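J.: Provided below: run09.txt, containing compact mmCIF, C-alpha atoms.
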# COMPACT_ATOMS: atom_id res chain seq x y z
CA MET A 1 -46.24 -10.24 14.24
CA PRO A 2 -45.29 -11.79 10.88
CA THR A 3 -41.92 -13.43 10.66
CA ARG A 4 -39.49 -12.16 8.08
CA THR A 5 -37.74 -14.61 5.87
CA ALA A 6 -34.17 -14.00 4.95
CA PRO A 7 -33.62 -12.89 1.35
CA ARG A 8 -32.83 -15.73 -0.95
CA SER A 9 -29.13 -16.02 -1.69
CA ALA A 10 -28.08 -15.95 -5.33
CA ARG A 11 -26.71 -19.12 -6.81
CA VAL A 12 -23.11 -18.29 -7.55
CA ALA A 13 -21.68 -21.70 -8.44
CA THR A 14 -24.26 -23.11 -10.85
CA ARG A 15 -21.73 -25.41 -12.55
CA THR A 16 -23.69 -24.99 -15.79
CA GLY A 17 -20.65 -23.34 -17.42
CA ASP A 18 -18.19 -26.06 -16.52
CA GLY A 19 -18.18 -27.32 -20.10
CA GLY A 20 -17.28 -23.94 -21.61
CA ASP A 21 -20.70 -22.55 -22.38
CA THR A 22 -22.89 -19.96 -20.70
CA SER A 23 -26.33 -18.49 -21.06
CA LEU A 24 -27.45 -15.22 -22.50
CA PHE A 25 -30.41 -13.27 -21.12
CA SER A 26 -32.66 -15.94 -22.61
CA ALA A 27 -32.76 -19.69 -22.76
CA ASP A 28 -29.96 -19.61 -25.34
CA ARG A 29 -26.58 -21.04 -24.39
CA VAL A 30 -23.41 -20.09 -26.22
CA ARG A 31 -19.70 -20.88 -26.00
CA LYS A 32 -17.70 -18.61 -23.70
CA THR A 33 -15.70 -17.58 -26.78
CA ASP A 34 -18.85 -16.19 -28.45
CA PRO A 35 -18.36 -12.55 -29.51
CA ARG A 36 -21.20 -11.46 -27.21
CA ILE A 37 -19.48 -13.03 -24.22
CA GLU A 38 -16.20 -11.35 -25.21
CA ALA A 39 -18.04 -8.00 -25.38
CA LEU A 40 -19.76 -8.65 -22.06
CA GLY A 41 -16.45 -9.50 -20.43
CA ALA A 42 -14.90 -6.22 -21.57
CA LEU A 43 -17.98 -4.24 -20.49
CA ASP A 44 -17.88 -5.99 -17.11
CA GLU A 45 -14.20 -5.13 -16.75
CA ALA A 46 -14.93 -1.49 -17.58
CA GLN A 47 -17.65 -1.58 -14.92
CA ALA A 48 -15.15 -2.88 -12.36
CA VAL A 49 -12.45 -0.34 -13.21
CA LEU A 50 -15.01 2.46 -12.94
CA GLY A 51 -15.87 1.05 -9.52
CA VAL A 52 -12.23 1.36 -8.47
CA ALA A 53 -12.18 4.96 -9.74
CA ARG A 54 -15.41 5.72 -7.91
CA SER A 55 -13.96 4.32 -4.68
CA LEU A 56 -11.18 6.93 -5.00
CA ALA A 57 -13.73 9.76 -5.19
CA PRO A 58 -16.39 8.90 -2.59
CA LYS A 59 -19.20 11.37 -1.95
CA SER A 60 -18.06 13.70 -4.71
CA THR A 61 -19.52 15.04 -7.94
CA LEU A 62 -17.02 12.91 -9.86
CA GLY A 63 -18.05 9.83 -7.88
CA ARG A 64 -21.73 10.45 -8.63
CA GLU A 65 -20.96 10.95 -12.33
CA LEU A 66 -19.07 7.65 -12.40
CA LEU A 67 -21.97 5.85 -10.71
CA GLU A 68 -24.32 7.07 -13.44
CA LEU A 69 -21.89 5.87 -16.08
CA GLN A 70 -21.74 2.47 -14.35
CA ARG A 71 -25.53 2.29 -14.41
CA GLY A 72 -25.42 3.00 -18.13
CA LEU A 73 -22.93 0.18 -18.60
CA TYR A 74 -25.39 -2.22 -16.95
CA VAL A 75 -28.00 -1.23 -19.53
CA ALA A 76 -25.47 -1.72 -22.32
CA MET A 77 -24.52 -5.14 -20.93
CA ALA A 78 -28.17 -6.22 -20.77
CA GLU A 79 -28.62 -5.18 -24.37
CA VAL A 80 -25.59 -7.17 -25.55
CA ALA A 81 -26.65 -10.20 -23.48
CA THR A 82 -30.18 -10.26 -24.88
CA PRO A 83 -30.86 -11.91 -28.24
CA ARG A 84 -32.66 -9.58 -30.65
CA ALA A 85 -35.85 -11.62 -30.46
CA ASP A 86 -35.98 -11.10 -26.67
CA LEU A 87 -35.16 -7.36 -26.51
CA GLY A 88 -38.76 -6.63 -25.49
CA ARG A 89 -37.93 -8.14 -22.09
CA LEU A 90 -35.60 -5.25 -21.27
CA LYS A 91 -37.05 -2.47 -19.15
CA GLU A 92 -34.43 -0.02 -20.39
CA ARG A 93 -32.25 0.27 -23.48
CA ILE A 94 -29.49 2.50 -24.74
CA ASP A 95 -31.32 5.05 -26.88
CA ARG A 96 -30.98 8.54 -28.36
CA PRO A 97 -31.79 10.24 -25.02
CA ALA A 98 -29.00 8.20 -23.36
CA ILE A 99 -26.57 9.44 -26.01
CA ALA A 100 -27.86 12.99 -25.52
CA ARG A 101 -27.24 12.71 -21.75
CA LEU A 102 -23.63 11.74 -22.42
CA ASP A 103 -23.29 14.58 -24.94
CA HIS A 104 -24.64 17.02 -22.34
CA LEU A 105 -22.27 15.67 -19.67
CA LEU A 106 -19.35 15.87 -22.09
CA GLU A 107 -20.08 19.52 -22.88
CA ALA A 108 -20.43 20.38 -19.18
CA LEU A 109 -17.14 18.63 -18.40
CA LYS A 110 -15.35 20.40 -21.25
CA LYS A 111 -16.53 23.76 -19.90
CA ARG A 112 -15.11 22.87 -16.46
CA THR A 113 -11.95 21.34 -17.88
CA PRO A 114 -10.34 22.78 -20.99
CA VAL A 115 -8.53 19.98 -22.79
CA ALA A 116 -5.31 20.71 -24.67
CA GLY A 117 -4.95 19.17 -28.11
CA ARG A 118 -2.09 16.86 -27.18
CA PHE A 119 -1.37 13.27 -26.40
CA VAL A 120 -1.66 12.41 -22.74
CA VAL A 121 0.58 10.20 -20.67
CA PRO A 122 -1.74 8.82 -17.96
CA GLY A 123 -0.64 8.64 -14.35
CA GLU A 124 -0.75 12.17 -12.95
CA ASN A 125 -2.56 10.71 -9.94
CA ARG A 126 -4.27 7.48 -8.99
CA TYR A 127 -7.77 8.71 -9.76
CA SER A 128 -7.01 10.06 -13.23
CA ALA A 129 -4.95 6.97 -14.08
CA THR A 130 -7.82 4.70 -13.04
CA VAL A 131 -10.32 6.68 -15.13
CA ASP A 132 -7.91 6.47 -18.08
CA HIS A 133 -7.68 2.71 -17.50
CA ALA A 134 -11.48 2.51 -17.59
CA ARG A 135 -11.46 4.51 -20.84
CA THR A 136 -9.12 2.03 -22.51
CA VAL A 137 -11.27 -0.89 -21.38
CA VAL A 138 -14.37 0.85 -22.76
CA ARG A 139 -12.55 1.27 -26.08
CA ARG A 140 -11.80 -2.48 -26.11
CA ALA A 141 -15.41 -3.24 -25.23
CA GLU A 142 -16.49 -0.97 -28.06
CA ARG A 143 -14.38 -2.99 -30.52
CA HIS A 144 -15.96 -6.22 -29.27
CA VAL A 145 -19.44 -4.71 -29.61
CA VAL A 146 -18.58 -3.67 -33.18
CA ALA A 147 -17.81 -7.35 -33.87
CA CYS A 148 -21.24 -8.25 -32.43
CA VAL A 149 -22.91 -5.64 -34.62
CA ASP A 150 -21.03 -6.90 -37.68
CA ALA A 151 -22.16 -10.47 -36.88
CA GLY A 152 -25.78 -9.30 -36.57
CA TYR A 153 -26.11 -10.14 -32.87
CA VAL A 154 -26.88 -6.61 -31.67
CA SER A 155 -27.95 -3.30 -33.15
CA GLY A 156 -25.23 -0.70 -33.03
CA GLU A 157 -27.50 2.20 -33.96
CA ASP A 158 -27.50 3.67 -30.46
CA LEU A 159 -25.14 1.37 -28.58
CA LEU A 160 -22.03 2.20 -30.63
CA PRO A 161 -22.38 6.01 -30.40
CA TRP A 162 -23.09 5.67 -26.65
CA LEU A 163 -19.91 3.63 -26.06
CA ASN A 164 -17.88 6.01 -28.21
CA ARG A 165 -19.20 8.98 -26.24
CA LEU A 166 -18.59 7.17 -22.94
CA SER A 167 -14.87 6.90 -23.67
CA ASP A 168 -14.81 10.61 -24.59
CA VAL A 169 -16.46 11.47 -21.26
CA LEU A 170 -13.93 9.33 -19.40
CA PHE A 171 -11.05 11.05 -21.18
CA VAL A 172 -12.27 14.47 -20.03
CA LEU A 173 -13.04 13.18 -16.51
CA ALA A 174 -9.45 11.97 -16.23
CA ARG A 175 -8.16 15.36 -17.35
CA SER A 176 -10.42 17.00 -14.78
CA ALA A 177 -8.91 14.81 -12.06
CA GLU A 178 -5.42 15.83 -13.19
CA ARG A 179 -6.32 19.51 -12.96
CA ARG A 180 -7.64 19.07 -9.42
CA THR A 181 -4.31 17.57 -8.37
CA ALA A 182 -2.34 20.33 -10.10
CA LYS A 183 -4.36 22.99 -8.24
CA THR A 184 -3.62 21.44 -4.84
CA ARG A 185 0.16 21.32 -5.33
Show me, as structure tokens, the structure contained in the file I just sent.

T.:
Amino acid sequence: MPTRTAPRSARVATRTGDGGDTSLFSADRVRKTDPRIEALGALDEAQAVLGVARSLAPKSTLGRELLELQRGLYVAMAEVATPRADLGRLKERIDRPAIARLDHLLEALKKRTPVAGRFVVPGENRYSATVDHARTVVRRAERHVVACVDAGYVSGEDLLPWLNRLSDVLFVLARSAERRTAKTR
């Protein structure tokens, strides 16, 4: 019987960033203040906040929708982290069908959850507040990605509409979570 080898553990402390630089998804190294790293940090934070929201809705339709959004964020992060010359290395990119999927989800959510034309004060419940938090982080990430587009680092043709639509989806998801709480009172 063949012996199984334990999976190789990832190197977490590489120490290569101790001097204030880091690598992109290439051999390129950049300062940690580079606009792409700023954008990646905000996208990573959005990913984490969506994870908190998903943990509040385990084994639910909302939880599954959030997981799909998180997977989309990983694709967006890979795109921002990859220099234009190396984009061919990516197995998946944010594209028109990805935007269309968000548009379809947004329309389905709006049918389930009518949204009043008013300003919203987040905090109706923990889940909706966490989704609203994720939405604000996505908006910040979007602004950082715009800076990357303006600097010529990434193409915003599909990435910017996708991020814009993502925050719209999160807004409606948060309103949906508020309605669920209101119905159970």

J.: Between atom CA of A:Ala27 and atom CA of A:Ala147, what distance in Å does the model show, to one decimal?

T.: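 Spanning atom CA of A:Ala27 to atom CA of A:Ala147 is a straight-line distance of 22.3 Å.
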
J.: What is the distance, in Å and to one decimal place, between atom CA of A:Leu90 and atom CA of A:Met77?

T.: 11.1 Å

J.: In Å, how far is it from atom CA of A:Val80 to atom CA of A:Lys32?

T.: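 One can read the atom CA of A:Val80 to atom CA of A:Lys32 distance as 14.0 Å.
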
J.: Could you please give me, as a ChimeraX atom specification, the residues of protein, DNA or RNA lying at most 10 Å from (-9.5, 1.8, -17.9) in the coordinate frame of the file, considering all atoms listed in the file?

T.: /A:45-50,52-53,128-140,167,170-171

J.: Which residue out of A:Glu142, A:Asp150, A:Glu124, A:Asp28 has the minimum interatomic distance to A:Ser176 when all atoms listed in the file are used?

T.: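 Among A:Glu142, A:Asp150, A:Glu124, A:Asp28, it is A:Glu124 that comes nearest to A:Ser176.
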
J.: Find the residues near A:Val75: any atom within 8 Å, counting all atoms listed in the file, skip ones fewer than 5 places away on the same chain, and give them as a compact mmCIF listing (two decimals) with C-alpha atoms, in the coordinates of the input.

T.:
# COMPACT_ATOMS: atom_id res chain seq x y z
CA GLU A 92 -34.43 -0.02 -20.39
CA ARG A 93 -32.25 0.27 -23.48
CA ILE A 94 -29.49 2.50 -24.74

J.: I'd like to know which of A:Arg64, A:Arg179, A:Arg89, A:Arg84 is closest to A:Arg112, using all atoms listed in the file.

T.: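 Closest to A:Arg112, using all atoms listed in the file: A:Arg179.
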
J.: Pick out the residues sitting within 12 Å of A:Glu68, and hand them over as a compact mmCIF listing (two decimals) with C-alpha atoms, in the frame of the given file; count only C-alpha atoms, and ignore anything fewer than 3 positions along from it in its own chain.

T.:
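part-v1.txt was written with the following content:
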# COMPACT_ATOMS: atom_id res chain seq x y z
CA GLN A 47 -17.65 -1.58 -14.92
CA LEU A 50 -15.01 2.46 -12.94
CA GLY A 51 -15.87 1.05 -9.52
CA ARG A 54 -15.41 5.72 -7.91
CA THR A 61 -19.52 15.04 -7.94
CA LEU A 62 -17.02 12.91 -9.86
CA GLY A 63 -18.05 9.83 -7.88
CA ARG A 64 -21.73 10.45 -8.63
CA GLU A 65 -20.96 10.95 -12.33
CA ARG A 71 -25.53 2.29 -14.41
CA GLY A 72 -25.42 3.00 -18.13
CA LEU A 73 -22.93 0.18 -18.60
CA TYR A 74 -25.39 -2.22 -16.95
CA VAL A 75 -28.00 -1.23 -19.53
CA ALA A 98 -29.00 8.20 -23.36
CA ARG A 101 -27.24 12.71 -21.75
CA LEU A 102 -23.63 11.74 -22.42
CA LEU A 105 -22.27 15.67 -19.67
CA LEU A 166 -18.59 7.17 -22.94
CA VAL A 169 -16.46 11.47 -21.26

J.: Rank nothing, just name the residue among A:His144, A:Lys91, A:Arg8, A:His104 nearest to A:Asp168, using all atoms listed in the file.

T.: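 Looking only at the distances to A:Asp168, the closest residue turns out to be A:His104.
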
J.: Go through A:Ile37, A:Leu66, A:Leu106, A:Ala177 one by one, measure the shortest atom-to-atom distance of each to A:Gly123 using only C-alpha atoms, and give the residue with the smallest value.

T.: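 Closest to A:Gly123 of all the choices is A:Ala177.
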
J.: Between A:Leu163, A:Ala42, A:Leu56, A:Val146, which residue has the minimum interatomic distance to A:Asn125, considering all atoms listed in the file?

T.: A:Leu56

J.: Around the point (-29.0, 5.2, -33.7) in the file's coordinates, collect all residues with an atom within 7 Å, using all atoms listed in the file, and return them as a count of residues only.

T.: 3

J.: Would you mind telling me which residue in A:Ala81, A:Leu109, A:Ala76, A:Leu43 lies nearest to A:Val30 when using only C-alpha atoms?

T.: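 Among the listed residues, the smallest separation from A:Val30 belongs to A:Ala81.
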
J.: Listed atoms of stretch 144-162 of chain A, axis-aligned box, 3 Å per side: centre and edge lengths to one decimal in Å, as lines of an AutoDock Vina configuration file?

T.:
center_x = -22.0
center_y = -2.2
center_z = -32.2
size_x = 18.0
size_y = 22.5
size_z = 17.0
